[in-house]
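This report refers to the structure that appears directly beneath it.
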Amino acid sequence: MANIVIDGKSFTVKDGITIIEAIDQVKSELPRYCYHPGLSIAGNCRICQVEVDKMPGTVIACNTRVAEGMVIHTQSEKAKDSQKVVLEFLLANHPLDCPVCDQAGECKLQDYYMEYGVYDSHFDETKVKKTKKGVSVGPTIMLDQERCILCSRCVRFGDEITKTHDFGIFGRGDRAKIDIYPGKELDNKYSGNVADICPVGALTDKDFRFKMRVWYLGKQESVCPGCSRGCNISVEFEKSRPYHLKNDRVMRLKPRENKDVNQWWMCDEGRYAYKSIDQNRIKAIKASRMNPQWKDTLEEVAGILKKASLSAWGLIASPQNTNEELYLTKRLFLDTLKWKQAAFKAPGQDGFEDNFLIKKDKNPNTLGAEKILNLGANEDMTAIVEKAKRGELEGLFIFNHDLAKIFGAETLKVIRQKVKTIIYQGTNLNPTAEIADIVLPAVTYAEKDGTFTNFEGRVQRIRKAVEPFAGTLPDWDILLNLAGLLGLTLKYLRPEHIFDDLAKENSAFKEMNYKKLGNTGLIWSQ
Amino acid sequence: MTALPTADSRFRGNDTLSALDHEAQKIVAKYDEKRAAVLPLLHLAQDTIGYVTPEAMEWTAKWSEVPVVHVREVVTFYSMYHQKPVGKHHIRFCTGTSCVLRGCESQLNYLKKKLKIENGDVTPDGKFSLEEAECLCNCEGAPMMQVDKDYHVDLTEKKTDEILDGLK
Ligand code: SF4
Ligand code: SF4
Ligand code: FES
Ligand code: FES
């Protein structure tokens, strides 16, 4: 351990870490462009100048290690002056076209430029213009060479994280410019991350570009439901000008740091999957009476379930649902109604997997469903579907799954003919929802609270980012109401209370609660 | 951005490159780290082909195990690697401080007029190419130029005529 002083406050930090790591650990501030905790040290932007007692001049914090007794100043006149000079050099050939730059509002170059007040440059020379402005470099990213400050973060990302070696800095001196290899495309499965790490507006995300100024965005911490990794994300949505883009509320997803899950990254598939939150949603209840409302529809469903014979109904639960919702599903269908036929796994749905983040199981909560529903060998829904096809079932209660996608349109058609009552509860329109007799519109992960259990048993929180669409309800709320109508009184006001009971009942969740889960989740006790 | 070479030159390049494999092996063997061989490999390819083709970069990448994008960074960083064909005789004309002080500008203009080319061009007959260079470290002989491997100092219009006319 080393005892150091940062801006007059004493700290004890680990030996051998860099000054900038120490500054971050003690939650102090210092400008940086090239430094990124997930990448190797480049030390090329020079903005992170600090003054260290007994050292001449100023030094860069990202490539100077702490030593016992070090006294560091980030705000002294000397440190600030150095930072300012570096900033002026970085701006020497920068177009300062913030008004038309998509990065404006979350650009550190712009922020420091304003903060340090380097409005008038000392440079008389004409700026050196780079050629590529607003050029596509791949399916997800636009490049603007003249805004680049050559920090090489994107180069190192390609070398060290994806190992796809996409970017390079070509030429030298004031003609040096960032580009990808001629004739190649930036098309790896994690390409969107370069827009996140580019500290300026040189690399911007095509999907988000010019959609909205960032200061209109609200943010909520959540977890990507795209696969069983459960990357930590922030859901960014239109906050102050509701419905400026009609029904599009969620504007983008950004990865959120979690060293144990996704570090600082997320995959493109997860990143751009947010559109289903706002598009193609089921917003209207369907039931036997015209113009159905929640109250009468749930009464109708409860009536059907009361009469349903245990052996003639099948439950198809969903690993897209939260732990809380699966727990209610279990309490209601397995413990109370005592249904014998239940499953949640869809056969043959595995997708792409790599040895970095992406998992082949495209559900966020398969492990939670396994542990909570505890169905043993009957997890796969094939047996239930076969029975339905043979006409041995009277009814099906389906959560979220589209049988047409899993078993083919023909199978769905047969099932429709053979099964008298099909109840569907889900978020987005699909052929199964279309043929159901009763449709209960549920909300997506961005519109509710709860938890998912990822592939290694890490329980992580999702949080409500936007309000549910009118006419839709969270699955947990629907289940609670149904339970009440079926004589099972559960006094939960929010998912948090459901979780507390789950933690009491299921040893995997032992001693967990929302507070303890915090921002990064907890792994199951074995 | 450099124009990509034509299909012809590419073909020529590939043929020539595989003939260099043996030599490349020897170069790589000289270093503890393969990536250290990038510069000599590029020189070898350029000396043989006349300039560094994209294929030469791929070939260097293969032997040095350095991703081709970074080989290209090296090629574009050093002005002594050419990314397009140069003339039979390549002229590097110094425009460094000493040479400027000693009147290189008029000498350079004379040469440009004589050859009817600008910086970066090749004469239509392919005989000469011109590159304006930073200090070539021969300030005592300013104004000066380098033609192929030879330095020519204390340039005058007469001297330039003699040098260039004397070349085959
Ligand atoms: S494009 Fe962005 S990330 Fe890449 S070197 Fe330039 S400023 Fe850095
Ligand atoms: S790896 Fe999985 S959890 Fe992470 S962003 Fe991609 S789809 Fe989402
Ligand atoms: S952040 Fe330290 S030199 Fe760039
Ligand atoms: S300036 Fe021309 S040789 Fe030095």
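Labels for the structure tokens follow display order: chains A, B, ..., residues from 1 in each chain, ligands from 1.
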Practice item. Apply DSSP to the structure's backbone, then extract all residues of stretch 69-235 of chain A labelled alpha helix (DSSP H) and return them as a ChimeraX atom specification. Key: /A:77-90,108-116,153-156,193-197
Practice item. Could you please select, counting only C-alpha atoms, the residues of chain B within 7 Å of chain A and state them as JSON, numbers by chain? Key: {"B": [67, 69, 70, 73, 76, 77]}
Excluding B:Arg35 and any residue of its chain fewer than 4 positions from it, enumerate the residues within 12 Å of it, using only C-alpha atoms, and give them as a PDB file with N, CA and C atoms, in the first residue's frame.
ATOM      1  N   ILE B  27      15.219 -12.781 -42.874  1.00  0.00           N
ATOM      2  CA  ILE B  27      15.095 -11.506 -42.157  1.00  0.00           C
ATOM      3  C   ILE B  27      14.410 -11.720 -40.812  1.00  0.00           C
ATOM      4  N   VAL B  28      13.299 -12.434 -40.844  1.00  0.00           N
ATOM      5  CA  VAL B  28      12.538 -12.667 -39.618  1.00  0.00           C
ATOM      6  C   VAL B  28      13.395 -13.397 -38.583  1.00  0.00           C
ATOM      7  N   ALA B  29      14.202 -14.332 -39.045  1.00  0.00           N
ATOM      8  CA  ALA B  29      15.023 -15.138 -38.134  1.00  0.00           C
ATOM      9  C   ALA B  29      16.044 -14.298 -37.379  1.00  0.00           C
ATOM     10  N   LYS B  30      16.323 -13.111 -37.897  1.00  0.00           N
ATOM     11  CA  LYS B  30      17.348 -12.272 -37.261  1.00  0.00           C
ATOM     12  C   LYS B  30      16.877 -11.639 -35.956  1.00  0.00           C
ATOM     13  N   TYR B  31      15.576 -11.547 -35.765  1.00  0.00           N
ATOM     14  CA  TYR B  31      15.061 -10.794 -34.617  1.00  0.00           C
ATOM     15  C   TYR B  31      14.420 -11.694 -33.565  1.00  0.00           C
ATOM     16  N   LEU B  39      10.101  -3.233 -40.840  1.00  0.00           N
ATOM     17  CA  LEU B  39      10.807  -2.268 -41.695  1.00  0.00           C
ATOM     18  C   LEU B  39      11.659  -2.960 -42.767  1.00  0.00           C
ATOM     19  N   PRO B  40      12.537  -3.872 -42.404  1.00  0.00           N
ATOM     20  CA  PRO B  40      13.329  -4.522 -43.461  1.00  0.00           C
ATOM     21  C   PRO B  40      12.485  -5.295 -44.476  1.00  0.00           C
ATOM     22  N   LEU B  41      11.411  -5.891 -44.032  1.00  0.00           N
ATOM     23  CA  LEU B  41      10.549  -6.606 -44.983  1.00  0.00           C
ATOM     24  C   LEU B  41       9.957  -5.632 -46.006  1.00  0.00           C
ATOM     25  N   LEU B  42       9.517  -4.477 -45.493  1.00  0.00           N
ATOM     26  CA  LEU B  42       8.935  -3.483 -46.399  1.00  0.00           C
ATOM     27  C   LEU B  42       9.988  -2.958 -47.378  1.00  0.00           C
ATOM     28  N   THR B  60       4.038  -8.556 -45.774  1.00  0.00           N
ATOM     29  CA  THR B  60       4.803  -8.153 -44.589  1.00  0.00           C
ATOM     30  C   THR B  60       4.043  -8.544 -43.318  1.00  0.00           C
ATOM     31  N   ALA B  61       2.732  -8.350 -43.360  1.00  0.00           N
ATOM     32  CA  ALA B  61       1.900  -8.698 -42.206  1.00  0.00           C
ATOM     33  C   ALA B  61       2.015 -10.193 -41.914  1.00  0.00           C
ATOM     34  N   LYS B  62       2.007 -10.974 -42.959  1.00  0.00           N
ATOM     35  CA  LYS B  62       2.065 -12.430 -42.802  1.00  0.00           C
ATOM     36  C   LYS B  62       3.392 -12.833 -42.147  1.00  0.00           C
ATOM     37  N   TRP B  63       4.481 -12.296 -42.641  1.00  0.00           N
ATOM     38  CA  TRP B  63       5.791 -12.699 -42.122  1.00  0.00           C
ATOM     39  C   TRP B  63       6.089 -12.125 -40.754  1.00  0.00           C
ATOM     40  N   SER B  64       5.595 -10.914 -40.488  1.00  0.00           N
ATOM     41  CA  SER B  64       5.930 -10.277 -39.206  1.00  0.00           C
ATOM     42  C   SER B  64       4.879 -10.545 -38.142  1.00  0.00           C
ATOM     43  N   GLU B  65       3.750 -11.118 -38.572  1.00  0.00           N
ATOM     44  CA  GLU B  65       2.623 -11.360 -37.663  1.00  0.00           C
ATOM     45  C   GLU B  65       2.109 -10.073 -37.021  1.00  0.00           C
ATOM     46  N   VAL B  66       2.249  -8.977 -37.740  1.00  0.00           N
ATOM     47  CA  VAL B  66       1.676  -7.703 -37.319  1.00  0.00           C
ATOM     48  C   VAL B  66       0.425  -7.487 -38.173  1.00  0.00           C
ATOM     49  N   PRO B  67      -0.722  -7.165 -37.558  1.00  0.00           N
ATOM     50  CA  PRO B  67      -1.937  -6.961 -38.365  1.00  0.00           C
ATOM     51  C   PRO B  67      -1.690  -5.959 -39.500  1.00  0.00           C
ATOM     52  N   VAL B  68      -2.257  -6.228 -40.642  1.00  0.00           N
ATOM     53  CA  VAL B  68      -1.941  -5.435 -41.830  1.00  0.00           C
ATOM     54  C   VAL B  68      -2.280  -3.960 -41.638  1.00  0.00           C
ATOM     55  N   HIS B  70      -1.727  -2.209 -39.106  1.00  0.00           N
ATOM     56  CA  HIS B  70      -0.587  -1.565 -38.450  1.00  0.00           C
ATOM     57  C   HIS B  70       0.640  -1.520 -39.362  1.00  0.00           C
ATOM     58  N   VAL B  71       0.749  -2.482 -40.273  1.00  0.00           N
ATOM     59  CA  VAL B  71       1.799  -2.389 -41.282  1.00  0.00           C
ATOM     60  C   VAL B  71       1.555  -1.131 -42.108  1.00  0.00           C
ATOM     61  N   VAL B  74       2.755   1.992 -40.502  1.00  0.00           N
ATOM     62  CA  VAL B  74       4.199   2.174 -40.666  1.00  0.00           C
ATOM     63  C   VAL B  74       4.502   2.736 -42.053  1.00  0.00           C
TER      64      VAL B  74
END
Exercise for review: Could you please extract the residues within 6 Å of ligand 1, counting only C-alpha atoms and all ligand atoms, and hand them back as a VMD selection string?
Suggested key: chain A and resid 148 to 154 178 198 to 200 202 to 203
Atoms kept (all heavy atoms) for selection, written as a PDB file, in the first residue's frame:
ATOM      1  N   CYS A 148     -11.341  13.867 -34.920  1.00  0.00           N
ATOM      2  CA  CYS A 148     -10.536  12.890 -34.176  1.00  0.00           C
ATOM      3  C   CYS A 148      -9.345  13.554 -33.505  1.00  0.00           C
ATOM      4  O   CYS A 148      -8.674  14.388 -34.101  1.00  0.00           O
ATOM      5  CB  CYS A 148     -10.076  11.807 -35.142  1.00  0.00           C
ATOM      6  SG  CYS A 148      -8.852  10.692 -34.458  1.00  0.00           S
ATOM      7  N   ILE A 149      -9.096  13.192 -32.253  1.00  0.00           N
ATOM      8  CA  ILE A 149      -7.922  13.732 -31.569  1.00  0.00           C
ATOM      9  C   ILE A 149      -6.830  12.684 -31.455  1.00  0.00           C
ATOM     10  O   ILE A 149      -5.904  12.822 -30.667  1.00  0.00           O
ATOM     11  CB  ILE A 149      -8.286  14.285 -30.181  1.00  0.00           C
ATOM     12  CG1 ILE A 149      -9.000  13.214 -29.351  1.00  0.00           C
ATOM     13  CG2 ILE A 149      -9.170  15.533 -30.300  1.00  0.00           C
ATOM     14  CD1 ILE A 149      -9.037  13.547 -27.869  1.00  0.00           C
ATOM     15  N   LEU A 150      -6.955  11.616 -32.217  1.00  0.00           N
ATOM     16  CA  LEU A 150      -5.928  10.568 -32.314  1.00  0.00           C
ATOM     17  C   LEU A 150      -5.565   9.963 -30.959  1.00  0.00           C
ATOM     18  O   LEU A 150      -4.401   9.727 -30.667  1.00  0.00           O
ATOM     19  CB  LEU A 150      -4.678  11.122 -33.002  1.00  0.00           C
ATOM     20  CG  LEU A 150      -4.916  11.634 -34.429  1.00  0.00           C
ATOM     21  CD1 LEU A 150      -3.681  12.339 -34.960  1.00  0.00           C
ATOM     22  CD2 LEU A 150      -5.305  10.493 -35.365  1.00  0.00           C
ATOM     23  N   CYS A 151      -6.577   9.710 -30.154  1.00  0.00           N
ATOM     24  CA  CYS A 151      -6.324   9.142 -28.833  1.00  0.00           C
ATOM     25  C   CYS A 151      -6.017   7.655 -28.935  1.00  0.00           C
ATOM     26  O   CYS A 151      -5.513   7.058 -28.003  1.00  0.00           O
ATOM     27  CB  CYS A 151      -7.531   9.365 -27.927  1.00  0.00           C
ATOM     28  SG  CYS A 151      -8.927   8.308 -28.344  1.00  0.00           S
ATOM     29  N   SER A 152      -6.404   7.048 -30.052  1.00  0.00           N
ATOM     30  CA  SER A 152      -6.171   5.627 -30.349  1.00  0.00           C
ATOM     31  C   SER A 152      -6.998   4.651 -29.498  1.00  0.00           C
ATOM     32  O   SER A 152      -6.707   3.468 -29.467  1.00  0.00           O
ATOM     33  CB  SER A 152      -4.676   5.257 -30.299  1.00  0.00           C
ATOM     34  OG  SER A 152      -4.248   4.960 -28.984  1.00  0.00           O
ATOM     35  N   ARG A 153      -8.019   5.143 -28.835  1.00  0.00           N
ATOM     36  CA  ARG A 153      -8.879   4.207 -28.096  1.00  0.00           C
ATOM     37  C   ARG A 153      -9.514   3.184 -29.043  1.00  0.00           C
ATOM     38  O   ARG A 153      -9.558   1.995 -28.763  1.00  0.00           O
ATOM     39  CB  ARG A 153      -9.992   4.960 -27.386  1.00  0.00           C
ATOM     40  CG  ARG A 153      -9.607   5.525 -26.055  1.00  0.00           C
ATOM     41  CD  ARG A 153     -10.845   6.139 -25.443  1.00  0.00           C
ATOM     42  NE  ARG A 153     -10.592   6.725 -24.143  1.00  0.00           N
ATOM     43  CZ  ARG A 153     -11.525   7.316 -23.422  1.00  0.00           C
ATOM     44  NH1 ARG A 153     -12.750   7.412 -23.894  1.00  0.00           N
ATOM     45  NH2 ARG A 153     -11.246   7.815 -22.242  1.00  0.00           N
ATOM     46  N   CYS A 154     -10.005   3.668 -30.186  1.00  0.00           N
ATOM     47  CA  CYS A 154     -10.680   2.758 -31.117  1.00  0.00           C
ATOM     48  C   CYS A 154      -9.695   1.752 -31.703  1.00  0.00           C
ATOM     49  O   CYS A 154     -10.042   0.604 -31.968  1.00  0.00           O
ATOM     50  CB  CYS A 154     -11.376   3.537 -32.227  1.00  0.00           C
ATOM     51  SG  CYS A 154     -10.269   4.597 -33.168  1.00  0.00           S
ATOM     52  N   ILE A 178      -7.190   9.028 -38.532  1.00  0.00           N
ATOM     53  CA  ILE A 178      -7.727   7.723 -38.173  1.00  0.00           C
ATOM     54  C   ILE A 178      -8.522   7.177 -39.348  1.00  0.00           C
ATOM     55  O   ILE A 178      -9.189   7.914 -40.057  1.00  0.00           O
ATOM     56  CB  ILE A 178      -8.627   7.865 -36.924  1.00  0.00           C
ATOM     57  CG1 ILE A 178      -8.933   6.494 -36.317  1.00  0.00           C
ATOM     58  CG2 ILE A 178      -9.933   8.558 -37.246  1.00  0.00           C
ATOM     59  CD1 ILE A 178      -7.820   5.965 -35.484  1.00  0.00           C
ATOM     60  N   CYS A 198     -15.035   6.573 -28.083  1.00  0.00           N
ATOM     61  CA  CYS A 198     -14.458   7.736 -28.770  1.00  0.00           C
ATOM     62  C   CYS A 198     -14.812   8.971 -27.945  1.00  0.00           C
ATOM     63  O   CYS A 198     -15.982   9.276 -27.751  1.00  0.00           O
ATOM     64  CB  CYS A 198     -15.010   7.865 -30.184  1.00  0.00           C
ATOM     65  SG  CYS A 198     -14.315   9.290 -31.048  1.00  0.00           S
ATOM     66  N   PRO A 199     -13.812   9.677 -27.426  1.00  0.00           N
ATOM     67  CA  PRO A 199     -14.123  10.772 -26.511  1.00  0.00           C
ATOM     68  C   PRO A 199     -14.702  11.995 -27.210  1.00  0.00           C
ATOM     69  O   PRO A 199     -15.197  12.907 -26.574  1.00  0.00           O
ATOM     70  CB  PRO A 199     -12.761  11.111 -25.892  1.00  0.00           C
ATOM     71  CG  PRO A 199     -11.758  10.655 -26.884  1.00  0.00           C
ATOM     72  CD  PRO A 199     -12.359   9.492 -27.617  1.00  0.00           C
ATOM     73  N   VAL A 200     -14.629  11.997 -28.536  1.00  0.00           N
ATOM     74  CA  VAL A 200     -15.128  13.140 -29.305  1.00  0.00           C
ATOM     75  C   VAL A 200     -16.166  12.650 -30.315  1.00  0.00           C
ATOM     76  O   VAL A 200     -16.615  11.517 -30.248  1.00  0.00           O
ATOM     77  CB  VAL A 200     -13.962  13.862 -30.008  1.00  0.00           C
ATOM     78  CG1 VAL A 200     -13.010  14.443 -28.992  1.00  0.00           C
ATOM     79  CG2 VAL A 200     -13.225  12.919 -30.942  1.00  0.00           C
ATOM     80  N   ALA A 202     -15.808  11.887 -33.421  1.00  0.00           N
ATOM     81  CA  ALA A 202     -15.207  11.307 -34.631  1.00  0.00           C
ATOM     82  C   ALA A 202     -15.903  10.012 -35.021  1.00  0.00           C
ATOM     83  O   ALA A 202     -16.079   9.718 -36.196  1.00  0.00           O
ATOM     84  CB  ALA A 202     -13.716  11.073 -34.427  1.00  0.00           C
ATOM     85  N   LEU A 203     -16.284   9.234 -34.021  1.00  0.00           N
ATOM     86  CA  LEU A 203     -17.013   7.996 -34.286  1.00  0.00           C
ATOM     87  C   LEU A 203     -18.386   8.132 -33.647  1.00  0.00           C
ATOM     88  O   LEU A 203     -18.500   8.282 -32.430  1.00  0.00           O
ATOM     89  CB  LEU A 203     -16.269   6.788 -33.713  1.00  0.00           C
ATOM     90  CG  LEU A 203     -14.870   6.555 -34.292  1.00  0.00           C
ATOM     91  CD1 LEU A 203     -14.140   5.463 -33.518  1.00  0.00           C
ATOM     92  CD2 LEU A 203     -14.935   6.205 -35.766  1.00  0.00           C
TER      93      LEU A 203
END
Exercise for review: Kindly work out which residues sit at most 10 Å from ligand 4, using only C-alpha atoms and all ligand atoms, and give the list as a VMD selection string.
Suggested key: chain B and resid 93 to 102 104 133 to 146 151 153
Check your understanding: Near A:Lys516, counting only C-alpha atoms, which residues have an atom at most 12 Å away, once you skip same-chain residues fewer than 4 positions from it, shown as an NGL selection string?
Key -> :A and (459-461 or 496 or 499-500 or 503 or 509-512 or 520-523)
Practice item. Give me, please, the distance in Å between atom CA of A:Gly484 and atom CA of A:Ala433, quoted to one decimal. Key: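 Atom-to-atom, atom CA of A:Gly484 to atom CA of A:Ala433, that is 24.7 Å.
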Point to revise | 10 Å shell around ligand 3 using only C-alpha atoms and all ligand atoms, listed as a PyMOL selection string | key: chain A and resi 19-20+30-36+41-50+59-64+86+151-153
Taking N, CA, C and O atoms for each residue, export the selection above as a tab-separated table (two decimals), in the first residue's frame.
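And here's selection01.tsv as it stands now:
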chain	number	residue	atom	x	y	z
A	19	ILE	N	-1.46	7.04	-11.18
A	19	ILE	CA	-2.08	8.18	-10.49
A	19	ILE	C	-3.54	8.32	-10.91
A	19	ILE	O	-4.42	8.56	-10.08
A	20	ILE	N	-3.82	8.09	-12.20
A	20	ILE	CA	-5.21	8.27	-12.65
A	20	ILE	C	-6.11	7.21	-12.03
A	20	ILE	O	-7.26	7.48	-11.68
A	30	LEU	N	-10.33	14.26	-13.14
A	30	LEU	CA	-9.18	14.67	-13.95
A	30	LEU	C	-9.53	14.43	-15.41
A	30	LEU	O	-10.04	13.37	-15.76
A	31	PRO	N	-9.25	15.40	-16.28
A	31	PRO	CA	-9.54	15.17	-17.70
A	31	PRO	C	-8.71	14.01	-18.26
A	31	PRO	O	-7.59	13.78	-17.82
A	32	ARG	N	-9.28	13.28	-19.19
A	32	ARG	CA	-8.55	12.22	-19.89
A	32	ARG	C	-9.23	11.97	-21.24
A	32	ARG	O	-10.45	12.12	-21.35
A	33	TYR	N	-8.43	11.65	-22.22
A	33	TYR	CA	-8.99	11.23	-23.52
A	33	TYR	C	-8.52	9.84	-23.90
A	33	TYR	O	-9.31	8.97	-24.20
A	34	CYS	N	-7.20	9.62	-23.89
A	34	CYS	CA	-6.71	8.33	-24.38
A	34	CYS	C	-6.85	7.25	-23.33
A	34	CYS	O	-6.99	6.08	-23.64
A	35	TYR	N	-6.81	7.62	-22.06
A	35	TYR	CA	-6.90	6.62	-21.00
A	35	TYR	C	-8.30	6.01	-20.95
A	35	TYR	O	-9.30	6.71	-20.95
A	36	HIS	N	-8.35	4.66	-20.92
A	36	HIS	CA	-9.61	3.96	-20.69
A	36	HIS	C	-9.28	2.76	-19.83
A	36	HIS	O	-8.36	2.00	-20.16
A	41	ILE	N	-2.47	1.26	-21.73
A	41	ILE	CA	-2.12	2.67	-21.57
A	41	ILE	C	-1.45	3.17	-22.85
A	41	ILE	O	-0.53	2.53	-23.36
A	42	ALA	N	-1.93	4.29	-23.36
A	42	ALA	CA	-1.30	4.86	-24.56
A	42	ALA	C	-0.51	6.11	-24.20
A	42	ALA	O	0.58	6.35	-24.71
A	43	GLY	N	-1.06	6.92	-23.31
A	43	GLY	CA	-0.33	8.12	-22.87
A	43	GLY	C	-0.07	9.10	-23.99
A	43	GLY	O	0.94	9.81	-23.98
A	44	ASN	N	-0.95	9.16	-24.97
A	44	ASN	CA	-0.63	10.01	-26.12
A	44	ASN	C	-1.40	11.34	-26.17
A	44	ASN	O	-1.01	12.25	-26.86
A	45	CYS	N	-2.49	11.47	-25.42
A	45	CYS	CA	-3.27	12.70	-25.57
A	45	CYS	C	-2.73	13.82	-24.68
A	45	CYS	O	-2.93	14.99	-24.95
A	46	ARG	N	-2.06	13.43	-23.60
A	46	ARG	CA	-1.35	14.35	-22.70
A	46	ARG	C	-2.23	15.28	-21.87
A	46	ARG	O	-1.72	16.19	-21.22
A	47	ILE	N	-3.52	15.07	-21.88
A	47	ILE	CA	-4.38	16.03	-21.18
A	47	ILE	C	-4.39	15.81	-19.67
A	47	ILE	O	-4.73	16.69	-18.90
A	48	CYS	N	-4.00	14.61	-19.23
A	48	CYS	CA	-4.15	14.26	-17.81
A	48	CYS	C	-2.98	14.76	-16.97
A	48	CYS	O	-2.54	14.09	-16.05
A	49	GLN	N	-2.49	15.95	-17.27
A	49	GLN	CA	-1.33	16.50	-16.57
A	49	GLN	C	-1.64	16.77	-15.09
A	49	GLN	O	-2.66	17.37	-14.77
A	50	VAL	N	-0.74	16.32	-14.24
A	50	VAL	CA	-0.86	16.65	-12.81
A	50	VAL	C	0.50	17.14	-12.31
A	50	VAL	O	1.54	16.82	-12.91
A	59	VAL	N	3.39	15.84	-14.91
A	59	VAL	CA	3.49	14.49	-15.49
A	59	VAL	C	2.09	14.02	-15.88
A	59	VAL	O	1.09	14.55	-15.40
A	60	ILE	N	2.02	13.01	-16.77
A	60	ILE	CA	0.71	12.49	-17.11
A	60	ILE	C	0.31	11.45	-16.08
A	60	ILE	O	1.07	10.55	-15.73
A	61	ALA	N	-0.91	11.59	-15.60
A	61	ALA	CA	-1.39	10.75	-14.51
A	61	ALA	C	-1.65	9.31	-14.96
A	61	ALA	O	-1.60	8.38	-14.17
A	62	CYS	N	-1.93	9.12	-16.25
A	62	CYS	CA	-2.30	7.78	-16.69
A	62	CYS	C	-1.10	6.87	-16.87
A	62	CYS	O	-1.24	5.67	-17.00
A	63	ASN	N	0.10	7.45	-16.91
A	63	ASN	CA	1.27	6.59	-17.09
A	63	ASN	C	2.35	6.89	-16.07
A	63	ASN	O	3.53	6.70	-16.31
A	64	THR	N	1.93	7.38	-14.89
A	64	THR	CA	2.87	7.57	-13.79
A	64	THR	C	2.32	6.79	-12.60
A	64	THR	O	1.14	6.91	-12.27
A	86	VAL	N	-2.20	21.69	-23.42
A	86	VAL	CA	-2.44	20.46	-24.19
A	86	VAL	C	-3.76	20.57	-24.94
A	86	VAL	O	-3.86	20.23	-26.12
A	151	CYS	N	-6.58	9.71	-30.15
A	151	CYS	CA	-6.32	9.14	-28.83
A	151	CYS	C	-6.02	7.66	-28.94
A	151	CYS	O	-5.51	7.06	-28.00
A	152	SER	N	-6.40	7.05	-30.05
A	152	SER	CA	-6.17	5.63	-30.35
A	152	SER	C	-7.00	4.65	-29.50
A	152	SER	O	-6.71	3.47	-29.47
A	153	ARG	N	-8.02	5.14	-28.83
A	153	ARG	CA	-8.88	4.21	-28.10
A	153	ARG	C	-9.51	3.18	-29.04
A	153	ARG	O	-9.56	2.00	-28.76
**Study point:** strand (DSSP E) positions in stretch 32-158 of chain A, given as a ChimeraX atom specification
**Key:** /A:49-52,59-60,71-73,135-136,141-143
Check your understanding: Can you tell me how far atom CA of A:Asp97 sits from atom CA of A:Met266, in Å to one decimal?
Key -> 29.1 Å
Report as a Markdown table: every residue of chain A with an atom at most 8 Å from ligand 2, its closest pair of atoms, and their distance in Å to one decimal, counting only C-alpha atoms and all ligand atoms, with rows sorted by chain and ascending residue number.
| residue | atom | partner | partner_atom_place_in_ligand_line | distance |
| --- | --- | --- | --- | --- |
| A:Val223 | CA | ligand 2 | 3 (S) | 7.3 |
| A:Cys224 | CA | ligand 2 | 8 (Fe) | 4.5 |
| A:Pro225 | CA | ligand 2 | 8 (Fe) | 5.8 |
| A:Gly226 | CA | ligand 2 | 7 (S) | 3.6 |
| A:Cys227 | CA | ligand 2 | 2 (Fe) | 3.9 |
| A:Ser228 | CA | ligand 2 | 3 (S) | 6.0 |
| A:Arg229 | CA | ligand 2 | 3 (S) | 4.5 |
| A:Gly230 | CA | ligand 2 | 3 (S) | 4.0 |
| A:Cys231 | CA | ligand 2 | 4 (Fe) | 4.1 |
| A:Asn232 | CA | ligand 2 | 4 (Fe) | 7.5 |
| A:Ile233 | CA | ligand 2 | 5 (S) | 8.0 |
| A:Pro255 | CA | ligand 2 | 5 (S) | 7.6 |
| A:Asn262 | CA | ligand 2 | 4 (Fe) | 6.9 |
| A:Trp265 | CA | ligand 2 | 5 (S) | 7.7 |
| A:Met266 | CA | ligand 2 | 5 (S) | 4.1 |
| A:Cys267 | CA | ligand 2 | 6 (Fe) | 4.0 |
| A:Asp268 | CA | ligand 2 | 6 (Fe) | 6.5 |
| A:Glu269 | CA | ligand 2 | 6 (Fe) | 5.7 |
| A:Gly270 | CA | ligand 2 | 7 (S) | 3.8 |
| A:Arg271 | CA | ligand 2 | 5 (S) | 5.8 |
| A:Leu357 | CA | ligand 2 | 1 (S) | 4.5 |
| A:Ile358 | CA | ligand 2 | 1 (S) | 3.8 |
| A:Lys359 | CA | ligand 2 | 2 (Fe) | 6.1 |
| A:Lys362 | CA | ligand 2 | 7 (S) | 7.0 |
| A:Pro364 | CA | ligand 2 | 3 (S) | 7.2 |
